[in-house]
file final.cif (mmCIF, C-alpha atoms and all ligand atoms)
data_query
loop_
_atom_site.group_PDB
_atom_site.id
_atom_site.type_symbol
_atom_site.label_atom_id
_atom_site.label_comp_id
_atom_site.auth_asym_id
_atom_site.auth_seq_id
_atom_site.Cartn_x
_atom_site.Cartn_y
_atom_site.Cartn_z
ATOM 1 C CA MET D 243 0.000 0.000 0.000
ATOM 2 C CA ASN D 244 1.324 3.461 -0.931
ATOM 3 C CA LEU D 245 0.827 6.626 1.013
ATOM 4 C CA ASP D 246 1.249 10.052 -0.587
ATOM 5 C CA ILE D 247 2.555 12.541 1.917
ATOM 6 C CA THR D 248 4.020 15.992 2.215
ATOM 7 C CA ALA D 249 7.365 16.105 4.001
ATOM 8 C CA GLN D 250 9.017 19.164 5.485
ATOM 9 C CA ASN D 251 12.710 19.912 5.268
ATOM 10 C CA LEU D 252 14.661 21.604 8.062
ATOM 11 C CA GLU D 253 13.666 25.058 6.830
ATOM 12 C CA GLY D 254 9.998 24.114 6.913
ATOM 13 C CA ASN D 255 9.550 23.855 3.129
ATOM 14 C CA SER D 256 7.310 21.062 1.933
ATOM 15 C CA SER D 257 7.876 18.436 -0.773
ATOM 16 C CA LYS D 258 5.635 15.638 -1.922
ATOM 17 C CA ALA D 259 6.743 12.061 -1.448
ATOM 18 C CA ARG D 260 5.274 8.595 -1.861
ATOM 19 C CA LEU D 261 5.846 6.019 0.865
ATOM 20 C CA ARG D 262 5.772 2.586 -0.718
ATOM 21 C CA GLU D 263 5.231 0.560 2.396
ATOM 22 C CA ILE D 264 3.319 1.450 5.548
ATOM 23 C CA PRO D 265 4.132 -0.455 8.761
ATOM 24 C CA ASP D 266 1.209 -2.728 9.655
ATOM 25 C CA ILE D 267 2.510 -4.005 12.984
ATOM 26 C CA CYS D 268 3.154 -1.636 15.873
ATOM 27 C CA PRO D 269 6.814 -1.963 16.933
ATOM 28 C CA ILE D 270 5.858 -1.171 20.536
ATOM 29 C CA CYS D 271 2.779 -3.329 21.244
ATOM 30 C CA HIS D 272 3.108 -5.777 18.291
ATOM 31 C CA ARG D 273 -0.580 -5.490 17.359
ATOM 32 C CA SER D 274 -1.729 -5.431 13.734
ATOM 33 C CA ILE D 275 -2.644 -1.834 12.989
ATOM 34 C CA HIS D 276 -3.318 0.731 10.277
ATOM 35 C CA PRO D 277 -1.177 3.411 11.879
ATOM 36 C CA LYS D 278 -2.055 7.094 11.713
ATOM 37 C CA ASN D 279 0.476 9.228 9.862
ATOM 38 C CA VAL D 280 1.050 12.311 12.036
ATOM 39 C CA GLY D 281 4.068 14.052 10.493
ATOM 40 C CA ASN D 282 6.684 13.677 7.772
ATOM 41 C CA PHE D 283 10.145 15.113 7.485
ATOM 42 C CA LEU D 284 12.679 15.269 4.699
ATOM 43 C CA LEU D 285 16.355 14.781 5.571
ATOM 44 C CA THR D 286 17.557 16.278 2.299
ATOM 45 C CA PRO D 287 21.348 15.705 2.473
ATOM 46 C CA ARG D 288 20.892 12.037 3.339
ATOM 47 C CA GLY D 289 18.066 11.293 0.924
ATOM 48 C CA LEU D 290 15.767 10.114 3.694
ATOM 49 C CA VAL D 291 12.186 10.694 4.715
ATOM 50 C CA GLN D 292 11.156 10.113 8.317
ATOM 51 C CA ALA D 293 7.464 9.476 8.828
ATOM 52 C CA VAL D 294 5.980 9.648 12.302
ATOM 53 C CA PHE D 295 3.150 7.204 12.878
ATOM 54 C CA ARG D 296 0.825 6.631 15.788
ATOM 55 C CA CYS D 297 -0.425 3.230 16.834
ATOM 56 C CA THR D 298 -4.210 3.083 16.536
ATOM 57 C CA SER D 299 -4.680 0.474 19.240
ATOM 58 C CA GLN D 300 -6.371 2.150 22.201
ATOM 59 C CA LYS D 301 -4.247 0.046 24.522
ATOM 60 C CA CYS D 302 -1.075 1.575 23.066
ATOM 61 C CA GLU D 303 -1.398 4.821 21.036
ATOM 62 C CA GLU D 304 2.401 5.204 20.981
ATOM 63 C CA LEU D 305 4.354 7.117 18.369
ATOM 64 C CA PHE D 306 7.039 5.543 16.237
ATOM 65 C CA ILE D 307 9.222 6.680 13.369
ATOM 66 C CA ALA D 308 9.571 4.891 10.042
ATOM 67 C CA THR D 309 12.651 5.906 8.074
ATOM 68 C CA TYR D 310 12.443 5.693 4.284
ATOM 69 C CA THR D 311 15.148 5.915 1.639
ATOM 70 C CA ILE D 312 14.315 7.967 -1.423
ATOM 71 C CA VAL D 313 14.794 5.529 -4.283
ATOM 72 C CA GLY D 314 13.204 7.070 -7.337
ATOM 73 C CA GLY D 315 12.046 10.196 -9.036
ATOM 74 C CA ALA D 316 9.164 12.118 -7.469
ATOM 75 C CA ASN D 317 10.490 11.095 -4.047
ATOM 76 C CA GLU D 318 9.476 7.440 -4.206
ATOM 77 C CA CYS D 319 10.458 6.042 -0.817
ATOM 78 C CA ARG D 320 11.293 2.546 0.342
ATOM 79 C CA LEU D 321 10.958 1.567 4.010
ATOM 80 C CA HIS D 322 14.372 1.252 5.621
ATOM 81 C CA ASN D 323 13.708 0.817 9.336
ATOM 82 C CA ILE D 324 11.333 1.455 12.202
ATOM 83 C CA ALA D 325 12.185 2.759 15.669
ATOM 84 C CA PRO D 326 11.890 2.510 18.567
ATOM 85 C CA LYS D 327 11.338 -1.224 18.787
ATOM 86 C CA ASN D 328 10.073 -2.900 21.876
ATOM 87 C CA PRO D 329 11.365 -6.440 21.408
ATOM 88 C CA LYS D 330 8.761 -9.130 21.780
ATOM 89 C CA LYS D 331 9.796 -11.356 24.647
ATOM 90 C CA SER D 332 10.189 -15.030 23.872
ATOM 91 C CA GLU D 333 7.745 -17.155 25.781
ATOM 92 C CA PHE D 334 9.061 -20.284 27.440
ATOM 93 C CA PRO D 335 7.006 -22.943 29.216
ATOM 94 C CA GLN D 336 6.603 -22.504 32.976
ATOM 95 C CA THR D 337 8.768 -25.592 33.548
ATOM 96 C CA ILE D 338 11.715 -23.836 31.871
ATOM 97 C CA CYS D 339 11.098 -20.553 33.735
ATOM 98 C CA ASP D 340 11.120 -22.500 37.014
ATOM 99 C CA ILE D 341 14.298 -24.472 36.246
ATOM 100 C CA SER D 342 16.322 -21.556 34.926
ATOM 101 C CA PRO D 343 14.943 -18.035 35.257
ATOM 102 C CA THR D 344 18.443 -16.768 34.420
ATOM 103 C CA PHE D 345 18.320 -18.578 31.072
ATOM 104 C CA VAL D 346 15.036 -16.835 30.231
ATOM 105 C CA ASP D 347 16.495 -13.449 31.264
ATOM 106 C CA ILE D 348 19.674 -13.794 29.256
ATOM 107 C CA TYR D 349 17.795 -15.147 26.246
ATOM 108 C CA ASN D 350 15.401 -12.185 26.225
ATOM 109 C CA GLN D 351 18.186 -9.648 26.762
ATOM 110 C CA THR D 352 19.898 -11.171 23.752
ATOM 111 C CA ILE D 353 16.769 -10.872 21.623
ATOM 112 C CA ALA D 354 16.438 -7.249 22.788
ATOM 113 C CA ALA D 355 20.011 -6.556 21.671
ATOM 114 C CA GLU D 356 19.257 -8.154 18.318
ATOM 115 C CA ALA D 357 16.137 -5.991 17.910
ATOM 116 C CA ILE D 358 18.181 -2.809 18.128
ATOM 117 C CA GLY D 359 20.697 -4.057 15.597
ATOM 118 C CA LEU D 360 23.444 -5.413 17.891
ATOM 119 C CA THR D 361 23.605 -8.553 15.779
ATOM 120 C CA GLU D 362 27.262 -9.405 16.419
ATOM 121 C CA ILE D 363 26.654 -10.204 20.085
ATOM 122 C CA VAL D 364 23.517 -12.313 19.615
ATOM 123 C CA GLY D 365 25.393 -15.605 19.291
ATOM 124 C CA ILE D 366 27.470 -14.881 22.385
ATOM 125 C CA GLY D 367 24.327 -14.089 24.393
ATOM 126 C CA LEU D 368 22.633 -17.279 23.216
ATOM 127 C CA ARG D 369 25.720 -19.283 24.140
ATOM 128 C CA LYS D 370 25.616 -17.845 27.664
ATOM 129 C CA ALA D 371 21.875 -18.488 27.976
ATOM 130 C CA LEU D 372 22.408 -22.102 26.901
ATOM 131 C CA GLU D 373 25.048 -22.624 29.588
ATOM 132 C CA PHE D 374 22.630 -21.510 32.317
ATOM 133 C CA LEU D 375 19.833 -23.664 30.928
ATOM 134 C CA ILE D 376 21.967 -26.808 30.788
ATOM 135 C CA LYS D 377 23.695 -26.327 34.127
ATOM 136 C CA ASP D 378 20.487 -25.448 35.970
ATOM 137 C CA PHE D 379 18.758 -28.484 34.435
ATOM 138 C CA ALA D 380 21.685 -30.786 35.206
ATOM 139 C CA ALA D 381 21.838 -29.515 38.807
ATOM 140 C CA LYS D 382 18.118 -30.148 39.202
ATOM 141 C CA GLN D 383 18.526 -33.700 37.904
ATOM 142 C CA LYS D 384 21.604 -34.373 40.032
ATOM 143 C CA PRO D 385 21.360 -32.089 43.074
ATOM 144 C CA SER D 386 24.238 -33.769 44.903
ATOM 145 C CA GLU D 387 26.618 -32.829 42.057
ATOM 146 C CA GLY D 388 25.511 -29.208 41.839
ATOM 147 C CA GLU D 389 28.886 -27.761 42.775
ATOM 148 C CA ALA D 390 30.803 -29.852 40.226
ATOM 149 C CA ILE D 391 28.252 -28.973 37.534
ATOM 150 C CA LYS D 392 28.696 -25.228 38.122
ATOM 151 C CA LYS D 393 32.455 -25.437 37.540
ATOM 152 C CA VAL D 394 32.694 -27.794 34.577
ATOM 153 C CA PHE D 395 32.928 -26.629 30.935
ATOM 154 C CA LEU D 396 29.622 -26.650 29.091
ATOM 155 C CA GLY D 397 30.632 -29.412 26.640
ATOM 156 C CA LYS D 398 31.742 -31.676 29.472
ATOM 157 C CA CYS D 399 28.632 -30.845 31.471
ATOM 158 C CA ILE D 400 26.442 -31.996 28.576
ATOM 159 C CA GLN D 401 28.526 -35.124 28.122
ATOM 160 C CA ASP D 402 28.764 -36.145 31.773
ATOM 161 C CA TYR D 403 25.669 -34.818 33.495
ATOM 162 C CA ILE D 404 22.854 -34.906 30.926
ATOM 163 C CA ASP D 405 21.286 -38.360 30.682
ATOM 164 C CA ASP D 406 18.368 -37.842 28.317
ATOM 165 C CA THR D 407 19.501 -38.624 24.761
ATOM 166 C CA ASN D 408 17.361 -35.981 23.055
ATOM 167 C CA VAL D 409 18.404 -33.187 25.406
ATOM 168 C CA LYS D 410 22.004 -34.291 24.985
ATOM 169 C CA GLN D 411 21.876 -34.416 21.157
ATOM 170 C CA CYS D 412 20.340 -30.960 20.834
ATOM 171 C CA ALA D 413 22.328 -29.291 23.614
ATOM 172 C CA LYS D 414 25.589 -30.642 22.230
ATOM 173 C CA ARG D 415 24.908 -29.174 18.799
ATOM 174 C CA ALA D 416 23.698 -25.897 20.264
ATOM 175 C CA ALA D 417 26.972 -25.699 22.212
ATOM 176 C CA TRP D 418 28.982 -26.342 19.019
ATOM 177 C CA LEU D 419 27.237 -23.476 17.241
ATOM 178 C CA GLY D 420 27.405 -21.293 20.357
ATOM 179 C CA ASN D 421 31.160 -21.794 20.549
ATOM 180 C CA ASP D 422 31.410 -20.908 16.868
ATOM 181 C CA GLU D 423 29.809 -17.561 17.682
ATOM 182 C CA THR D 424 32.533 -16.718 20.189
ATOM 183 C CA HIS D 425 35.538 -17.788 18.102
ATOM 184 C CA TYR D 426 37.438 -16.084 15.301
ATOM 185 C CA ILE D 427 37.063 -18.970 12.873
ATOM 186 C CA ARG D 428 33.755 -20.740 12.269
ATOM 187 C CA LYS D 429 33.608 -24.515 12.005
ATOM 188 C CA TRP D 430 29.955 -24.707 10.959
ATOM 189 C CA GLU D 431 29.955 -22.268 8.071
ATOM 190 C CA ASP D 432 26.505 -23.151 6.763
ATOM 191 C CA LYS D 433 24.848 -22.617 10.158
ATOM 192 C CA ASP D 434 24.035 -19.362 11.915
ATOM 193 C CA VAL D 435 22.175 -17.892 14.900
ATOM 194 C CA THR D 436 18.844 -18.988 13.419
ATOM 195 C CA ASP D 437 20.008 -22.599 13.743
ATOM 196 C CA LEU D 438 21.341 -21.871 17.212
ATOM 197 C CA LYS D 439 17.979 -20.433 18.309
ATOM 198 C CA LEU D 440 16.201 -23.458 16.885
ATOM 199 C CA LEU D 441 18.523 -25.881 18.686
ATOM 200 C CA ILE D 442 18.039 -24.007 21.961
ATOM 201 C CA ARG D 443 14.283 -24.133 21.430
ATOM 202 C CA LEU D 444 14.491 -27.884 20.798
ATOM 203 C CA THR D 445 16.617 -28.312 23.912
ATOM 204 C CA THR D 446 14.026 -26.493 26.037
ATOM 205 C CA ASN D 447 11.258 -28.645 24.515
ATOM 206 C CA TRP D 448 13.063 -31.888 25.370
ATOM 207 C CA ILE D 449 13.885 -30.636 28.870
ATOM 208 C CA GLU D 450 10.229 -29.848 29.398
ATOM 209 C CA ASN D 451 9.291 -33.361 28.249
ATOM 210 C CA VAL D 452 11.757 -34.910 30.668
ATOM 211 C CA ILE D 453 10.553 -32.838 33.621
ATOM 212 C CA LEU D 454 6.844 -33.364 32.944
ATOM 213 C CA THR D 455 7.278 -37.087 32.301
ATOM 214 C CA GLN D 456 9.145 -37.415 35.605
ATOM 215 C CA LYS D 457 6.492 -35.425 37.427
ATOM 216 C CA TYR D 458 3.679 -37.736 36.313
ATOM 217 C CA ALA D 459 5.754 -40.872 36.812
ATOM 218 C CA ASP D 460 6.391 -39.739 40.407
ATOM 219 C CA GLU D 461 2.802 -38.700 41.081
ATOM 220 C CA MET D 462 1.204 -41.806 39.537
ATOM 221 C CA THR D 463 3.361 -44.786 40.426
ATOM 222 C CA GLU D 464 2.769 -48.283 39.022
ATOM 223 C CA THR D 465 2.057 -49.560 42.545
ATOM 224 C CA GLY D 466 -0.650 -46.938 42.986
ATOM 225 C CA ALA D 467 -2.534 -48.138 39.871
HETATM 226 ZN ZN ZN T 1 0.955 -0.136 19.528
#
call {"tool": "encode", "arguments": {"input": "final.cif", "output": "structure tokens", "more": "lines below"}}
Ligand SMILES: [Zn+2]
result
Amino acid sequence: MNLDITAQNLEGNSSKARLREIPDICPICHRSIHPKNVGNFLLTPRGLVQAVFRCTSQKCEELFIATYTIVGGANECRLHNIAPKNPKKSEFPQTICDISPTFVDIYNQTIAAEAIGLTEIVGIGLRKALEFLIKDFAAKQKPSEGEAIKKVFLGKCIQDYIDDTNVKQCAKRAAWLGNDETHYIRKWEDKDVTDLKLLIRLTTNWIENVILTQKYADEMTETGA
């Protein structure tokens, strides 16, 4: 959808411009919206138009700025970015929040960093989040070895203290990719943080399965049947 607007330069003179794409999701509340265009400004030397929009959800009503690059004659503008962004927090099952609240915190801080363009540190953040998840889970499974688990390297922790095969398979691969993100040379060149996020998600899913299965096995014993 296009929007024809009038944009003001620094001196207050107006020019016509055509915005080729209008944001349809509010970057603050994440609702689907048809935002209200409340002001447009031309940054002449940089060939940019900044359009101020207002979220039309009554629960939000916040302002945000869409920056457009002038790409064609008659000030045709292509959407470049939207700010500010309120990163959408990743939801994890209650089981995971209970086992490792620190994992959930670090994971969401990492996603927040990614949302504001700090992409180079995303892998490192995910790697740290994974370490908390695995160590907190391992310590819950083997409380008497908690101290040893805290000190051991992540790879060794997965190898020695994680019994469930699925958790182990996924966590091991997540750790490989996580380590890649912190080193100068990559080993897994065809994999990136998207794969790492997916492996962490799989790891949390398997951990949840283990915990819930144990819970029901404990609550409903064979002898009680
Ligand atoms: Zn909103």
call {"tool": "residues_near_ligand", "arguments": {"input": "final.cif", "ligand": "ligand ZN 1 (chain T)", "cutoff": "10 Å", "atoms": "all atoms listed in the file", "output": "list in words"}}
result
Ile267, Cys268, Pro269, Ile270, Cys271, His272, Arg273, Ser274, Ile275, Pro277, Arg296, Cys297, Thr298, Ser299, Gln300, Lys301, Cys302, Glu303, Glu304, Leu305, Phe306 and Asn328 of chain D
call {"tool": "residues_near_point", "arguments": {"input": "final.cif", "point": "(21.6, -28.8, 17.4)", "cutoff": "12 Å", "atoms": "only C-alpha atoms", "output": "PyMOL selection string"}}
result
chain D and resi 372+408-420+430+433-446
call {"tool": "resolve_selection", "arguments": {"input": "final.cif", "expression": "the PyMOL selection byres (((chain D and resi 333-341) around 8) and not hetatm)", "output": "number ranges by chain"}}
result
D: 331-332, 342-343, 345-346, 375, 378-379, 382, 446, 449-450, 453
call {"tool": "atom_distance", "arguments": {"input": "final.cif", "atom1": "atom CA of D:Glu253", "atom2": "atom CA of D:Ala293"}}
result
16.9 Å
call {"tool": "resolve_selection", "arguments": {"input": "final.cif", "expression": "the PyMOL selection byres (((chain D and resi 323) around 7) and not hetatm)", "output": "list in words"}}
result
Ala308, Thr309, Leu321, His322, Ile324 and Ala325 of chain D
call {"tool": "closest_residue", "arguments": {"input": "final.cif", "among": "D:Ala259, D:Val280, D:Ile312, D:Cys399", "to": "D:Lys384", "atoms": "all atoms listed in the file"}}
result
D:Cys399
call {"tool": "closest_residue", "arguments": {"input": "final.cif", "among": "D:Glu461, D:Asp422, D:Asp266, D:Asp406", "to": "D:Ile366", "atoms": "all atoms listed in the file"}}
result
D:Asp422
call {"tool": "resolve_selection", "arguments": {"input": "final.cif", "expression": "the PyMOL selection byres (((chain D and resi 282) around 6) and not hetatm)", "output": "list in words"}}
result
Ala249, Gly281, Phe283, Gln292 and Ala293 of chain D
call {"tool": "closest_residue", "arguments": {"input": "final.cif", "among": "D:Gly359, D:Gly466, D:Gly314, D:Gly365", "to": "D:Leu290", "atoms": "only C-alpha atoms"}}
result
D:Gly314
call {"tool": "atom_distance", "arguments": {"input": "final.cif", "atom1": "atom CA of D:Ile391", "atom2": "atom CA of D:Arg369"}}
result
16.7 Å
call {"tool": "atom_distance", "arguments": {"input": "final.cif", "atom1": "atom CA of D:Thr361", "atom2": "atom CA of D:Asp432"}}
result
17.4 Å
call {"tool": "closest_residue", "arguments": {"input": "final.cif", "among": "D:Thr407, D:Thr311, D:Thr352, D:Asn317", "to": "D:Pro329", "atoms": "only C-alpha atoms"}}
result
D:Thr352
call {"tool": "closest_residue", "arguments": {"input": "final.cif", "among": "D:Ile400, D:Val394, D:Val452, D:Ile307", "to": "D:Phe295", "atoms": "only C-alpha atoms"}}
result
D:Ile307
call {"tool": "residues_around", "arguments": {"input": "final.cif", "residues": "D:Cys319", "least_positions_apart": "3", "cutoff": "6 Å", "atoms": "all atoms listed in the file", "output": "PyMOL selection string"}}
result
chain D and resi 260-262+310-313
call {"tool": "closest_residue", "arguments": {"input": "final.cif", "among": "D:Ala380, D:Ile348, D:Ile353, D:Ile264", "to": "D:Asp246", "atoms": "only C-alpha atoms"}}
result
D:Ile264
